[in-house]
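Text of query28.cif (mmCIF, C-alpha atoms) as supplied:
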```
data_protein
loop_
_atom_site.group_PDB
_atom_site.id
_atom_site.type_symbol
_atom_site.label_atom_id
_atom_site.label_comp_id
_atom_site.auth_asym_id
_atom_site.auth_seq_id
_atom_site.Cartn_x
_atom_site.Cartn_y
_atom_site.Cartn_z
ATOM 1 C CA MET A 1253 -22.069 37.285 -80.660
ATOM 2 C CA PHE A 1254 -22.370 35.299 -77.423
ATOM 3 C CA VAL A 1255 -25.967 34.159 -77.991
ATOM 4 C CA PRO A 1256 -25.343 32.188 -81.225
ATOM 5 C CA TYR A 1257 -22.427 30.319 -79.633
ATOM 6 C CA ALA A 1258 -24.427 29.627 -76.489
ATOM 7 C CA LEU A 1259 -27.381 28.423 -78.535
ATOM 8 C CA TYR A 1260 -25.129 26.172 -80.615
ATOM 9 C CA PHE A 1261 -23.369 24.652 -77.611
ATOM 10 C CA VAL A 1262 -26.521 24.115 -75.537
ATOM 11 C CA ILE A 1263 -28.344 22.279 -78.317
ATOM 12 C CA SER A 1264 -25.358 20.314 -79.614
ATOM 13 C CA LEU A 1265 -24.137 19.244 -76.168
ATOM 14 C CA ALA A 1266 -27.689 18.214 -75.253
ATOM 15 C CA ALA A 1267 -27.754 16.042 -78.389
ATOM 16 C CA LEU A 1268 -24.350 14.574 -77.494
ATOM 17 C CA ALA A 1269 -25.537 13.761 -73.972
ATOM 18 C CA THR A 1270 -28.792 12.246 -75.224
ATOM 19 C CA LEU A 1271 -27.047 10.011 -77.750
ATOM 20 C CA SER A 1272 -24.509 8.949 -75.118
ATOM 21 C CA VAL A 1273 -27.280 7.903 -72.749
ATOM 22 C CA MET A 1274 -28.921 6.006 -75.602
ATOM 23 C CA ILE A 1275 -25.695 4.062 -76.238
ATOM 24 C CA LEU A 1276 -25.480 3.171 -72.542
ATOM 25 C CA ARG A 1277 -29.133 2.087 -72.470
ATOM 26 C CA ILE A 1278 -28.729 -0.055 -75.566
ATOM 27 C CA GLY A 1279 -25.680 -1.649 -73.934
ATOM 28 C CA ALA A 1280 -27.704 -2.262 -70.775
ATOM 29 C CA VAL A 1281 -30.503 -3.915 -72.746
ATOM 30 C CA MET A 1282 -27.983 -6.063 -74.590
ATOM 31 C CA GLY A 1283 -26.406 -6.777 -71.212
ATOM 32 C CA ASP A 1284 -29.443 -8.794 -70.151
ATOM 33 C CA CYS A 1285 -28.199 -11.724 -72.239
ATOM 34 C CA PRO A 1286 -26.475 -14.288 -69.975
ATOM 35 C CA GLN A 1287 -23.958 -15.240 -72.670
ATOM 36 C CA THR A 1288 -22.808 -11.811 -73.874
ATOM 37 C CA GLY A 1289 -24.014 -9.477 -71.142
ATOM 38 C CA ARG A 1290 -20.646 -8.576 -69.681
ATOM 39 C CA THR A 1291 -19.219 -7.860 -73.110
ATOM 40 C CA ALA A 1292 -22.171 -5.648 -74.033
ATOM 41 C CA ARG A 1293 -22.001 -3.592 -70.843
ATOM 42 C CA ALA A 1294 -18.216 -3.166 -70.962
ATOM 43 C CA GLY A 1295 -18.326 -2.446 -74.686
ATOM 44 C CA ALA A 1296 -21.029 0.176 -74.272
ATOM 45 C CA LEU A 1297 -18.988 1.978 -71.624
ATOM 46 C CA ALA A 1298 -15.842 1.949 -73.757
ATOM 47 C CA ILE A 1299 -17.685 3.016 -76.889
ATOM 48 C CA VAL A 1300 -19.604 5.828 -75.197
ATOM 49 C CA SER A 1301 -16.410 7.273 -73.726
ATOM 50 C CA GLY A 1302 -14.845 7.446 -77.178
ATOM 51 C CA PHE A 1303 -18.059 8.831 -78.651
ATOM 52 C CA VAL A 1304 -18.171 11.648 -76.088
ATOM 53 C CA VAL A 1305 -14.523 12.627 -76.538
ATOM 54 C CA ILE A 1306 -14.601 12.576 -80.336
ATOM 55 C CA GLY A 1307 -18.048 14.185 -80.428
ATOM 56 C CA ALA A 1308 -17.086 17.050 -78.121
ATOM 57 C CA GLY A 1309 -13.946 17.712 -80.128
ATOM 58 C CA GLY A 1310 -15.932 17.720 -83.346
ATOM 59 C CA LEU A 1311 -18.496 20.092 -81.878
ATOM 60 C CA ALA A 1312 -15.738 22.492 -80.864
ATOM 61 C CA LEU A 1313 -14.184 22.396 -84.338
ATOM 62 C CA ILE A 1314 -17.537 22.949 -86.022
ATOM 63 C CA ALA A 1315 -18.244 25.877 -83.666
ATOM 64 C CA ALA A 1316 -15.236 27.656 -85.148
ATOM 65 C CA LEU A 1317 -17.178 27.887 -88.413
ATOM 66 C CA ILE A 1318 -19.633 30.312 -86.803
ATOM 67 C CA GLY A 1319 -16.940 32.957 -86.488
ATOM 68 C CA LEU A 1320 -15.438 32.230 -89.905
ATOM 69 C CA SER A 1321 -18.735 32.561 -91.748
ATOM 70 C CA ASP A 1322 -19.746 35.714 -93.603
ATOM 71 C CA LEU A 1323 -23.372 35.022 -92.700
ATOM 72 C CA PRO A 1324 -25.085 36.663 -89.737
ATOM 73 C CA PRO A 1325 -24.112 34.817 -86.527
ATOM 74 C CA VAL A 1326 -27.609 33.439 -85.858
ATOM 75 C CA VAL A 1327 -27.879 32.004 -89.374
ATOM 76 C CA ALA A 1328 -24.354 30.589 -89.159
ATOM 77 C CA SER A 1329 -25.120 28.982 -85.791
ATOM 78 C CA PHE A 1330 -28.100 27.107 -87.205
ATOM 79 C CA GLY A 1331 -26.104 25.998 -90.241
ATOM 80 C CA THR A 1332 -23.279 24.699 -88.074
ATOM 81 C CA LEU A 1333 -25.804 23.099 -85.743
ATOM 82 C CA GLY A 1334 -27.200 21.136 -88.667
ATOM 83 C CA VAL A 1335 -23.720 19.946 -89.634
ATOM 84 C CA ALA A 1336 -22.964 19.019 -86.018
ATOM 85 C CA LEU A 1337 -26.170 17.016 -85.580
ATOM 86 C CA VAL A 1338 -25.578 15.111 -88.811
ATOM 87 C CA ALA A 1339 -22.021 14.326 -87.686
ATOM 88 C CA LEU A 1340 -23.274 13.143 -84.277
ATOM 89 C CA GLY A 1341 -25.876 10.956 -85.967
ATOM 90 C CA ILE A 1342 -23.251 9.329 -88.162
ATOM 91 C CA GLY A 1343 -21.026 8.782 -85.122
ATOM 92 C CA PHE A 1344 -23.943 7.282 -83.203
ATOM 93 C CA ALA A 1345 -24.671 4.832 -86.013
ATOM 94 C CA SER A 1346 -21.019 3.839 -86.101
ATOM 95 C CA ALA A 1347 -20.921 3.405 -82.312
ATOM 96 C CA ILE A 1348 -23.972 1.145 -82.296
ATOM 97 C CA GLY A 1349 -22.469 -0.866 -85.152
ATOM 98 C CA ALA A 1350 -19.270 -1.327 -83.163
ATOM 99 C CA LEU A 1351 -21.260 -2.411 -80.097
ATOM 100 C CA ARG A 1352 -23.220 -4.912 -82.161
ATOM 101 C CA ASP A 1353 -19.996 -6.255 -83.636
ATOM 102 C CA MET A 1354 -18.504 -6.734 -80.164
ATOM 103 C CA VAL A 1355 -21.543 -8.688 -79.003
ATOM 104 C CA VAL A 1356 -21.600 -10.866 -82.128
ATOM 105 C CA ARG A 1357 -17.917 -11.709 -81.667
ATOM 106 C CA ALA A 1358 -18.498 -12.578 -78.019
ATOM 107 C CA GLN A 1359 -21.402 -14.810 -79.005
ATOM 108 C CA ASN A 1360 -19.445 -16.615 -81.728
ATOM 109 C CA PRO A 1361 -15.676 -16.549 -81.046
ATOM 110 C CA ARG A 1362 -14.951 -18.337 -84.333
ATOM 111 C CA ILE A 1363 -15.668 -15.144 -86.293
ATOM 112 C CA PRO A 1364 -12.233 -13.793 -87.244
ATOM 113 C CA ALA A 1365 -11.270 -10.280 -86.341
ATOM 114 C CA PRO A 1366 -10.927 -7.865 -89.243
ATOM 115 C CA ALA A 1367 -7.509 -7.957 -90.863
ATOM 116 C CA GLU A 1368 -5.116 -5.154 -90.100
ATOM 117 C CA PRO A 1369 -4.598 -2.842 -93.067
ATOM 118 C CA ALA A 1370 -1.233 -3.209 -94.762
ATOM 119 C CA GLN A 1371 1.292 -0.621 -93.640
ATOM 120 C CA PRO A 1372 3.024 1.237 -96.465
ATOM 121 C CA THR A 1373 6.741 0.673 -96.640
ATOM 122 C CA ALA A 1374 9.056 3.427 -97.732
#
```

As structure tokens, what does this structure read like?
Amino acid sequence: MFVPYALYFVISLAALATLSVMILRIGAVMGDCPQTGRTARAGALAIVSGFVVIGAGGLALIAALIGLSDLPPVVASFGTLGVALVALGIGFASAIGALRDMVVRAQNPRIPAPAEPAQPTA
């Protein structure tokens, strides 16, 4: 039972690390701009820290599905690995979108921030 979990964690954590480095590199490339460079570098660092924390927590929760599955452990580990990689890809796309939004706002401060959602009153 140890091998499927080890296989899942090695591959999924390698994907998490690779995507995190990609976010930092994209922030560094965007940081070459003299007008928005500081914002891009600081934003990339903040966004990658959130991405790693949320991603690692998600990977741990998805790993619990290996033990809950009625499938053989190796089959379940590959199924959960697929779910984990899709979730990391969606999180990566969202992180890059947030970084792009930060840079656009730094470049044009007249763009209003998104409105806060209305809080329900009881």

Report, in Å with one decimal, the straight-line distance from atom CA of Val1281 of chain A to atom CA of Val1356 of chain A. 14.7 Å

Compare A:Val1338, A:Met1282, A:Ala1316, A:Ile1275 by their minimum atom-to-atom distance to Leu1297 of chain A, counting all atoms listed in the file, and give me the closest one.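 Closest candidate: A:Ile1275.
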
Work out how far atom CA of Leu1311 of chain A is from atom CA of Val1262 of chain A, in Å to one decimal. 11.0 Å

For Ile1342 of chain A, which residue among A:Leu1259, A:Pro1369, A:Gly1279, A:Gly1307 is the nearest when counting all atoms listed in the file?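 Looking at the shortest contact to Ile1342 of chain A, the residue is A:Gly1307.
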
Quick check on the file I pasted: which residues fall under the PyMOL selection byres ((chain A and resi 1284-1287) around 12)? Write them as a list in words. Arg1277, Ile1278, Gly1279, Ala1280, Val1281, Met1282, Gly1283, Thr1288, Gly1289, Arg1290, Thr1291, Ala1292, Arg1293, Val1355, Val1356, Arg1357, Ala1358, Gln1359, Asn1360 and Pro1361 of chain A

Taking the file as I've supplied it (selection: the PyMOL selection byres ((chain A and resi 1258) around 12)), which residues are included? Please answer as a PyMOL selection string. chain A and resi 1253-1257+1259-1266+1315+1318+1325-1326+1329-1330+1333

Do you have the atom CA of Met1354 of chain A-atom CA of Gly1295 of chain A distance handy?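 The value is 7.0 Å.
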
Please define a box with edges along x, y and z of the file around all atoms of segment 1268-1279 of chain A given in the file, extend it by 8 Å on each side, and return its centre and edge lengths in Å to one decimal, as lines of an AutoDock Vina configuration file.
```
center_x = -26.7
center_y = 6.5
center_z = -75.1
size_x = 20.8
size_y = 32.2
size_z = 21.3
```
